[in-house]
Every structure is written in C-alpha cells, then in structure tokens.
Amino acid sequence: MRIAAADVVVTSPTRNFVTLKLTTDDGVTGLGDATLNGRELAVAAYLREHVAALLIGRDPARIEDTWQYLYRGAYWRRGPVTMAAIAAVDMALWDIKGKVCGVPVYQLLGGASREGLLAYGHASGTSFESLGESINMHLEKGYRAIRVQSSIPGVHAVYGVAAQAQASGERYDYEPAGRGAAPAQEDWDSAAYLRHVPKVFDYVRREFGPELPLLHDAHHRLRPIEAAKLGKSLEPHNLFWLEDCTPAESQQALRLVRQHTVTPLAIGEVFNTVWDFQQLISEQLIDYVRAASTHFGGITPLRKLMDFAAQYQIRSGFHGPTDVSPVGLAAQLHLGLAIHNFGIQEYMPHSEQTDVVFRQSMSFTDGMLHPGETPGLGVTLDEEAAARYPYQPAYLPISRLKDGTMHDW
Ligand code: KDG
Ligand code: MG
C-alpha cells in the first residue's frame with residue numbers, strides 16, 4: 001500500500017481549521033489536524049508546498065520513519081508551523097493504520113487504561129452572579145471539573161471570559177477576537193488581577209463547596225514572583241491546577257514558583273517538542289503537561305513525552321480548545337485513553353457547523369469523554385460542507401498595559 005494523494009483542506013465553520021487528508025492507492029483515507037490559530041495559512045502552505053509531494057509513494061504503515069524523515073530531514077527543527085504540519089501527517093498515518101487494522105487508534109497504542117476521560121469545561125463570568133450561572137450550567141451538562149475565569153474590576157476586556165450569552169448557551173465556541181484583518185486589543189493589570197482572583201475562588205468555594213475540582217488559567221500573564229504569590233494565595237481553595245502562570249520558555253523560572261507554592265501547576269500548550277519540557281519534567285517543576293497533539297508533532301512524539309513524564313509522576317492535561325479541530329481532539333482522546341499517566345482532558349464543544357463538517361465518533365457522557373470504537377481516529381470530513389465555509393482571517397487578541405506597553409500572553 002502506498003500514499004497516492006495528500007490534500008490540504010482549509011475550512012472555517014465558525015473558526016478556521018486546516019486538515020490534511022491522505023489517500024492510499026487502495027482508497028483508504030486518513031485525516032490530520034494542522035490548525036495553528038491565527039497563523040493557519042502558514043501551515044497550509046508548509047504542507048502543500050513542502051510536504052505533500054514528499055509523501056506520495058511512501059508506505060503509510062511507516063509512521064515512525066515518516067515522522068523522523070520530516071523532522072530530521074528538514075534540517076530546520078521545532079517551531080509551531082513545522083510541528084503542526086508534521087502532526088497532521090502523523091495523525092493521518094495513525095488514522096490509516098487503525099482503518100487498515102479495523103481497530104480504533106487507542107487499541108494500537110496499547111488498549112484502554114480506563115473507561116473514559118475526565119473532562120473539564122470552561123465557566124466564566126463578568127460578575128460573581130454570572131460566573132455562578134455559568135458553573136451551574138456546566139454542572140447541569142454533567143461536567144465534573146470546571147475551569148473558572150472572571151472579569152477583573154478596572155480591566156476592560158479579559159481573555160477567556162465569554163460574553164454571558166455565550167457562557168450560558170448550549171455551545172461555547174467563541175473566537176475571542178472575532179474575525180477581522182488585525183487582532184483586537186485587550187488590556188491587562190497584574191496587580192488588579194492578583195487582588196481579585198482569590199476573591200473569585202472565595203465565592204466559588206462558598207457557593208459550590210470544597211469538592212468540585214476547579215482549574216484556572218493565567219495565560220502566561222504573570223512574572224515568576226507574581227505567579228508564586230498567586231499560587232500561594234489560592235492554596236486555601238485547593239485548585240486542581242493553576243495553568244500557564246508565567247511564560248516558561250525560561251524553564252528555570254518555574255523553580256521560583258515551585259519553591260513558594262504547593263498549588264499544582266500545568267504548562268505547555270504553546271510548546272512543540274520534548275526539549276521545551278525537559279527541565280520542567282526532570283526537575284518536577286510542573287504537575288500536568290498541557291501540550292496538544294496538533295502543535296506537538298502528533299501522537300507519536302506526545303506518546304514519548306508522556307512516557308518521559310510518567311517517570312516523574314507527571315500527568316497529562318492535553319490542550320483542548322475549539323481551535324484544536326475534532327481530528328486533533330480525537331488524536332488526544334485515543335492517546336489519553338491508552339496512557340497510564342492520564343490526568344484530565346480540556347473540552348470545549350465545537351460549534352454545530354463544525355460538527356457538520358467533521359463527524360465524530362467520540363462521546364461526552366456524565367463528564368467523561370470517550371473516542372468511540374470506529375476504526376482509526378473516528379472522524380470523517382464532509383468536504384462539500386467544508387467548501388461552504390471558506391477561510392476568513394481571524395487573530396487572537398493582543399494585550400497591552402495601561403501605559404500602552406505590549407504584555408505577555
Ligand atoms: O489558540 C489559543 C487558545 O486555544 C488558547 O488561548 C486557549 O489558553 C487556552 C486554553 O487553555 O484553552
Ligand atoms: Mg490555556
């Protein structure tokens with residue numbers, strides 16, 4: 001069996017997705033997610049111009065060798081564009097192998113280690129009251145773990161806080177910046193944030209009790225000493241995790257945070273290779289790995305990362321926002337079901353339009369995700385539906401301090 005065609009499909013059913021479709025000379029197809037939020041067309045071009053032709057005629061069964069061929073062979077290593085492109089090829093090859101063998105991908109990864117994957121949902125509010133409504137809405141839908149984000153008094157717009165209509169609606173698939181030719185601008189004030197967040201968790205614990213697993217995402221906005229202070233101030237509220245408390249390219253920065261707090265830490269949704277995690281894992285500076293299969297080169301390297309993390313009792317918390325497509329989500333669900341050191345899976349349901357373009361075998365029941373039993377990844381792409389939603393420019397927002405200084409994400 002040989003790869004006969006490699007097609008890149010760009011579609012925008014409420015948000016942009018880049019999908020690689022490989023077809024073998026026997027007519028078996030495999031899908032891979034190559035979506036890089038706000039930079040989608042760079043990955044589409046990388047695949048179309050530099051990868052597609054190299055795949056034609058290759059044996060689709062040789063997943064590891066193809067991964068190494070694209071990673072080592074390019075000379076230029078790492079980086080989100082390269083790794084998203086390689087991820088798409090890797091996922092599509094696992095999809096094909098599953099279909100050829102007649103089993104869901106998780107069976108090829110060693111079989112199920114659990115019955116389902118604990119998922120967390122995104123609650124947010126512009127006031128305590130609306131936050132409470134949003135948490136209740138998630139509990140009613142069956143979520144057993146909740147990420148809590150809140151507006152901050154004096155800060156005009158905060159990333160990750162949905163307008164109330166969206167937060168309480170059936171779906172939660174918002175594009176924070178909306179669509180447009182340039183990023184929207186949000187503002188930021190770390191001091192106001194550090195004052196307000198403990199009050200938010202005071203409220204949530206008072207209303208919802210001590211047992212509900214709660215998570216919070218600081219979106220890399222704090223300096224290490226501020227992150228340490230936040231972790232310490234949230235200790236009475238017993239968080240499941242504090243996410244991206246500070247930018248971690250400088251991995252030793254986490255030593256300072258770790259010395260001051262026992263709040264569990266999750267990091268890595270913007271990371272692309274094991275090298276970004278090397279010190280964080282080997283020094284046990286984090287508790288959860290946030291990488292997404294889509295931005296980490298696919299299932300093959302993420303599996304290796306999780307085996308490395310397992311030696312240090314570090315667990316998975318794979319990135320699962322709506323800009324990870326249903327194909328990327330499926331890849332993570334299969335891997336999460338198979339590995340021993342699964343922790344939790346982020347889950348934001350995709351829009352109805354997205355669910356028409358991508359049909360999924362996965363299920364969400366009583367707060368637990370499962371990839372389903374369809375051979376391969378369990379996702380099909382309706383190309384006619386995809387063609388009805390052409391690409392539209394869309395950017396993540398940027399953030400500035402009151403004096404106009406650009407701030408960290
Ligand atoms: O593309 C970036 C978003 O997916 C990201 O900002 C969402 O931080 C995020 C999260 O934890 O889901
Ligand atoms: Mg995040």
# chains A, B, ... in the order shown; residues from 1 in each chain; ligands from 1
>>> residues_near_ligand(ligand="ligand 1", cutoff="10 Å", atoms="only C-alpha atoms and all ligand atoms", output="ChimeraX atom specification")
/A:35-39,121-122,147,159-160,175-176,216-220,243-244,266-270,290,292,317-324,346-348,395-397,409
>>> residues_around(residues="stretch 353-364 of chain A", least_positions_apart="5", cutoff="9 Å", atoms="only C-alpha atoms", output="CSV table (one decimal) with C-alpha atoms, in the first residue's frame")
chain,number,residue,atom,x,y,z
A,11,THR,CA,-12.4,25.5,6.1
A,12,SER,CA,-14.0,28.0,8.5
A,13,PRO,CA,-17.2,26.7,10.1
A,14,THR,CA,-17.3,29.5,12.7
A,15,ARG,CA,-13.5,29.3,13.1
A,119,ALA,CA,-13.0,16.3,31.1
A,142,GLY,CA,-22.6,16.7,33.5
A,325,SER,CA,-10.1,20.6,15.5
A,326,PRO,CA,-12.2,17.5,16.1
A,327,VAL,CA,-9.4,15.5,14.4
A,330,ALA,CA,-9.7,12.6,18.6
A,333,LEU,CA,-8.7,11.1,23.3
A,369,LEU,CA,-15.1,11.7,27.1
A,370,HIS,CA,-14.5,8.6,25.0
A,371,PRO,CA,-13.1,8.4,21.5
A,372,GLY,CA,-15.6,5.7,20.4
A,373,GLU,CA,-15.0,2.3,18.7
A,374,THR,CA,-14.8,3.4,15.0
A,377,LEU,CA,-9.5,8.2,14.7
A,378,GLY,CA,-13.2,8.1,14.2
A,379,VAL,CA,-13.6,11.4,12.4
A,380,THR,CA,-14.9,11.9,8.8
A,381,LEU,CA,-14.6,15.1,6.8
A,382,ASP,CA,-17.6,16.3,4.7
A,383,GLU,CA,-15.7,18.1,2.0
A,384,GLU,CA,-18.8,19.6,0.4
A,385,ALA,CA,-19.8,21.1,3.7
A,386,ALA,CA,-16.2,22.3,4.3
>>> closest_residue(among="A:Ser351, A:Asp276, A:His407, A:Ala338", to="A:Gly110", atoms="only C-alpha atoms")
A:Ala338
>>> atom_distance(atom1="atom CA of A:Asp95", atom2="atom CA of A:Gly30")
4.9 Å
>>> select_by_dssp(residues="stretch 219-255 of chain A", states="helix (DSSP H, G or I)", output="PyMOL selection string")
chain A and resi 224-233+235-237+253-255
>>> write_last_selection(atoms="all heavy atoms", output="compact mmCIF listing (two decimals), in the first residue's frame")
# COMPACT_ATOMS: atom_id res chain seq x y z
N PRO A 224 7.45 35.54 37.38
CA PRO A 224 7.56 34.39 38.30
C PRO A 224 7.18 34.72 39.75
O PRO A 224 6.47 33.95 40.40
CB PRO A 224 9.03 33.98 38.17
CG PRO A 224 9.39 34.39 36.78
CD PRO A 224 8.64 35.67 36.52
N ILE A 225 7.61 35.86 40.25
CA ILE A 225 7.32 36.17 41.65
C ILE A 225 5.81 36.43 41.85
O ILE A 225 5.25 36.09 42.90
CB ILE A 225 8.19 37.37 42.16
CG1 ILE A 225 8.21 37.43 43.68
CG2 ILE A 225 7.76 38.69 41.58
CD1 ILE A 225 8.96 36.31 44.34
N GLU A 226 5.17 36.98 40.81
CA GLU A 226 3.72 37.19 40.89
C GLU A 226 2.99 35.84 40.81
O GLU A 226 1.98 35.63 41.49
CB GLU A 226 3.26 38.09 39.73
CG GLU A 226 3.80 39.50 39.81
CD GLU A 226 3.58 40.29 38.52
OE1 GLU A 226 3.47 39.67 37.43
OE2 GLU A 226 3.54 41.53 38.59
N ALA A 227 3.51 34.96 39.97
CA ALA A 227 2.90 33.64 39.84
C ALA A 227 3.00 32.88 41.17
O ALA A 227 2.06 32.21 41.59
CB ALA A 227 3.60 32.85 38.73
N ALA A 228 4.16 33.02 41.84
CA ALA A 228 4.35 32.37 43.14
C ALA A 228 3.32 32.91 44.14
O ALA A 228 2.71 32.15 44.91
CB ALA A 228 5.77 32.62 43.64
N LYS A 229 3.12 34.22 44.10
CA LYS A 229 2.17 34.86 45.02
C LYS A 229 0.74 34.36 44.75
O LYS A 229 -0.01 34.06 45.68
CB LYS A 229 2.24 36.38 44.80
CG LYS A 229 1.46 37.20 45.75
CD LYS A 229 1.76 38.67 45.46
CE LYS A 229 1.06 39.58 46.44
NZ LYS A 229 1.38 40.98 46.19
N LEU A 230 0.38 34.25 43.46
CA LEU A 230 -0.96 33.77 43.12
C LEU A 230 -1.15 32.33 43.59
O LEU A 230 -2.16 31.99 44.22
CB LEU A 230 -1.21 33.87 41.61
CG LEU A 230 -2.58 33.37 41.15
CD1 LEU A 230 -3.70 34.24 41.74
CD2 LEU A 230 -2.68 33.35 39.63
N GLY A 231 -0.16 31.48 43.31
CA GLY A 231 -0.27 30.08 43.72
C GLY A 231 -0.47 29.96 45.23
O GLY A 231 -1.30 29.19 45.71
N LYS A 232 0.28 30.78 45.96
CA LYS A 232 0.19 30.75 47.43
C LYS A 232 -1.18 31.24 47.90
O LYS A 232 -1.81 30.65 48.78
CB LYS A 232 1.29 31.67 47.99
CG LYS A 232 1.78 31.33 49.34
CD LYS A 232 3.04 32.13 49.63
CE LYS A 232 3.61 31.78 50.97
NZ LYS A 232 4.90 32.43 51.18
N SER A 233 -1.66 32.32 47.27
CA SER A 233 -2.93 32.88 47.73
C SER A 233 -4.11 31.96 47.38
O SER A 233 -5.17 32.07 47.99
CB SER A 233 -3.15 34.28 47.14
OG SER A 233 -3.34 34.20 45.76
N GLU A 235 -3.92 28.61 47.57
CA GLU A 235 -3.78 27.32 48.27
C GLU A 235 -5.01 26.95 49.11
O GLU A 235 -5.44 25.80 49.08
CB GLU A 235 -2.51 27.29 49.12
CG GLU A 235 -1.30 26.95 48.28
CD GLU A 235 0.02 27.09 49.02
OE1 GLU A 235 0.01 27.12 50.26
OE2 GLU A 235 1.07 27.16 48.35
N PRO A 236 -5.62 27.90 49.85
CA PRO A 236 -6.80 27.50 50.65
C PRO A 236 -7.94 26.96 49.79
O PRO A 236 -8.82 26.27 50.29
CB PRO A 236 -7.22 28.81 51.34
CG PRO A 236 -6.03 29.70 51.26
CD PRO A 236 -5.26 29.30 50.04
N HIS A 237 -7.93 27.29 48.48
CA HIS A 237 -9.03 26.87 47.61
C HIS A 237 -8.75 25.55 46.89
O HIS A 237 -9.58 25.09 46.11
CB HIS A 237 -9.36 27.98 46.62
CG HIS A 237 -9.70 29.26 47.32
ND1 HIS A 237 -10.74 29.34 48.21
CD2 HIS A 237 -9.10 30.47 47.31
CE1 HIS A 237 -10.79 30.56 48.72
NE2 HIS A 237 -9.80 31.26 48.19
N ALA A 253 12.55 29.42 35.47
CA ALA A 253 11.68 30.38 36.16
C ALA A 253 10.68 29.66 37.06
O ALA A 253 10.23 30.20 38.07
CB ALA A 253 10.93 31.23 35.13
N LEU A 254 10.36 28.43 36.68
CA LEU A 254 9.38 27.69 37.46
C LEU A 254 9.92 27.22 38.81
O LEU A 254 9.16 26.88 39.71
CB LEU A 254 8.85 26.50 36.65
CG LEU A 254 7.57 26.79 35.84
CD1 LEU A 254 6.39 27.05 36.78
CD2 LEU A 254 7.74 27.96 34.90
N ARG A 255 11.26 27.22 38.94
CA ARG A 255 11.82 26.85 40.24
C ARG A 255 11.34 27.81 41.31
O ARG A 255 10.99 27.41 42.42
CB ARG A 255 13.36 26.91 40.18
CG ARG A 255 13.99 25.78 39.43
CD ARG A 255 15.49 25.86 39.62
NE ARG A 255 16.19 24.98 38.72
CZ ARG A 255 17.35 25.27 38.13
NH1 ARG A 255 17.94 26.43 38.35
NH2 ARG A 255 17.93 24.42 37.34
>>> residues_around(residues="A:Asn272", least_positions_apart="4", cutoff="12 Å", atoms="only C-alpha atoms", output="number ranges by chain")
A: 36, 71, 77-87, 249, 268, 276-278, 289-298, 301-302, 305
>>> select_by_dssp(residues="stretch 114-273 of chain A", states="strand (DSSP E)", output="short mmCIF file (atom, residue, chain, number, x, y, z; two decimals) with N, CA and C atoms, in the first residue's frame")
data_model
loop_
_atom_site.label_atom_id
_atom_site.label_comp_id
_atom_site.auth_asym_id
_atom_site.auth_seq_id
_atom_site.Cartn_x
_atom_site.Cartn_y
_atom_site.Cartn_z
N LEU A 117 -12.47 9.45 29.87
CA LEU A 117 -11.51 10.50 30.21
C LEU A 117 -12.22 11.64 30.94
N LEU A 118 -11.81 11.91 32.17
CA LEU A 118 -12.37 13.04 32.90
C LEU A 118 -12.09 14.33 32.11
N ALA A 119 -13.15 15.12 31.88
CA ALA A 119 -13.00 16.35 31.10
C ALA A 119 -13.30 17.55 31.98
N TYR A 120 -12.66 18.69 31.67
CA TYR A 120 -13.08 19.92 32.35
C TYR A 120 -13.66 20.90 31.33
N GLY A 121 -14.68 21.63 31.79
CA GLY A 121 -15.33 22.63 30.95
C GLY A 121 -14.94 24.02 31.37
N HIS A 122 -15.27 25.01 30.54
CA HIS A 122 -14.89 26.41 30.77
C HIS A 122 -16.05 27.22 31.31
N ALA A 123 -16.03 27.56 32.59
CA ALA A 123 -17.03 28.51 33.10
C ALA A 123 -16.36 29.87 33.23
N SER A 124 -17.14 30.91 32.99
CA SER A 124 -16.59 32.26 33.15
C SER A 124 -17.73 33.21 33.43
N GLY A 125 -17.39 34.40 33.95
CA GLY A 125 -18.43 35.37 34.23
C GLY A 125 -17.88 36.77 34.35
N ILE A 146 -14.22 22.01 36.55
CA ILE A 146 -14.57 23.28 35.92
C ILE A 146 -13.39 24.25 35.96
N ARG A 147 -13.08 24.85 34.79
CA ARG A 147 -12.12 25.95 34.75
C ARG A 147 -12.88 27.23 35.04
N VAL A 148 -12.35 28.05 35.93
CA VAL A 148 -13.02 29.27 36.37
C VAL A 148 -12.22 30.49 35.92
N GLN A 149 -12.83 31.34 35.08
CA GLN A 149 -12.20 32.60 34.65
C GLN A 149 -13.19 33.73 34.94
N SER A 150 -12.68 34.91 35.25
CA SER A 150 -13.57 36.00 35.64
C SER A 150 -13.06 37.35 35.12
N GLN A 185 -7.63 44.39 20.62
CA GLN A 185 -6.76 44.73 21.75
C GLN A 185 -7.50 44.57 23.07
N GLU A 186 -6.87 43.85 24.00
CA GLU A 186 -7.39 43.76 25.36
C GLU A 186 -6.40 44.45 26.28
N ASP A 187 -6.80 44.69 27.54
CA ASP A 187 -5.84 45.34 28.43
C ASP A 187 -5.55 44.46 29.64
N LEU A 214 -11.52 22.45 40.61
CA LEU A 214 -11.51 23.77 39.96
C LEU A 214 -10.14 24.01 39.35
N LEU A 215 -10.15 24.62 38.16
CA LEU A 215 -8.90 24.94 37.47
C LEU A 215 -8.91 26.44 37.14
N HIS A 216 -7.73 26.98 36.89
CA HIS A 216 -7.66 28.39 36.49
C HIS A 216 -6.48 28.58 35.55
N ASP A 217 -6.69 29.45 34.52
CA ASP A 217 -5.66 29.70 33.51
C ASP A 217 -5.20 31.15 33.61
N TRP A 241 -5.55 22.62 39.25
CA TRP A 241 -4.29 23.19 38.73
C TRP A 241 -4.41 24.68 38.49
N LEU A 242 -3.24 25.32 38.49
CA LEU A 242 -3.06 26.69 38.02
C LEU A 242 -2.27 26.56 36.72
N GLU A 243 -2.85 27.11 35.63
CA GLU A 243 -2.27 26.89 34.30
C GLU A 243 -1.50 28.10 33.81
N LEU A 265 0.69 22.79 39.18
CA LEU A 265 0.96 23.64 38.02
C LEU A 265 0.82 22.85 36.72
N ALA A 266 0.21 23.51 35.71
CA ALA A 266 0.07 22.92 34.38
C ALA A 266 0.65 23.89 33.37
N ILE A 267 1.46 23.38 32.44
CA ILE A 267 2.15 24.26 31.49
C ILE A 267 2.34 23.55 30.16
#
>>> residues_around(residues="A:Pro393", least_positions_apart="2", cutoff="7 Å", atoms="only C-alpha atoms", output="PyMOL selection string")
chain A and resi 179-181+391+395
>>> residues_around(residues="A:Arg62", least_positions_apart="3", cutoff="10 Å", atoms="only C-alpha atoms", output="PyMOL selection string")
chain A and resi 58-59+65-67+90+93-94+97
>>> write_last_selection(atoms="N, CA, C and O atoms", output="tab-separated table (two decimals), in the first residue's frame")
chain	number	residue	atom	x	y	z
A	58	ARG	N	5.04	6.92	-0.56
A	58	ARG	CA	5.57	6.34	0.68
A	58	ARG	C	4.61	5.29	1.24
A	58	ARG	O	3.41	5.33	1.00
A	59	ASP	N	5.17	4.38	2.05
A	59	ASP	CA	4.38	3.34	2.71
A	59	ASP	C	3.69	3.96	3.93
A	59	ASP	O	4.37	4.39	4.87
A	65	ASP	N	9.16	6.23	10.89
A	65	ASP	CA	10.15	6.62	9.89
A	65	ASP	C	9.72	7.90	9.16
A	65	ASP	O	10.54	8.78	8.90
A	66	THR	N	8.43	8.02	8.87
A	66	THR	CA	7.95	9.23	8.17
A	66	THR	C	8.08	10.45	9.09
A	66	THR	O	8.47	11.54	8.65
A	67	TRP	N	7.81	10.24	10.38
A	67	TRP	CA	7.96	11.34	11.34
A	67	TRP	C	9.41	11.83	11.36
A	67	TRP	O	9.68	13.03	11.27
A	90	ASP	N	1.38	12.75	10.89
A	90	ASP	CA	1.41	11.67	11.90
A	90	ASP	C	0.00	11.17	12.22
A	90	ASP	O	-0.26	9.97	12.21
A	93	LEU	N	-1.55	9.20	9.41
A	93	LEU	CA	-1.00	7.84	9.27
A	93	LEU	C	-1.55	6.90	10.34
A	93	LEU	O	-1.83	5.72	10.08
A	94	TRP	N	-1.72	7.39	11.57
A	94	TRP	CA	-2.34	6.56	12.62
A	94	TRP	C	-3.80	6.25	12.24
A	94	TRP	O	-4.29	5.14	12.48
A	97	LYS	N	-3.70	3.54	9.67
A	97	LYS	CA	-3.31	2.24	10.27
A	97	LYS	C	-4.49	1.64	11.05
A	97	LYS	O	-4.75	0.44	10.96
>>> closest_residue(among="A:Lys304, A:Arg144, A:Lys199, A:Arg221", to="ligand 2", atoms="only C-alpha atoms and all ligand atoms")
A:Arg221
>>> atom_distance(atom1="atom CA of A:Leu31", atom2="atom CA of A:Gln392")
21.8 Å
>>> atom_distance(atom1="atom CA of A:His340", atom2="atom CA of A:Tyr312")
12.7 Å
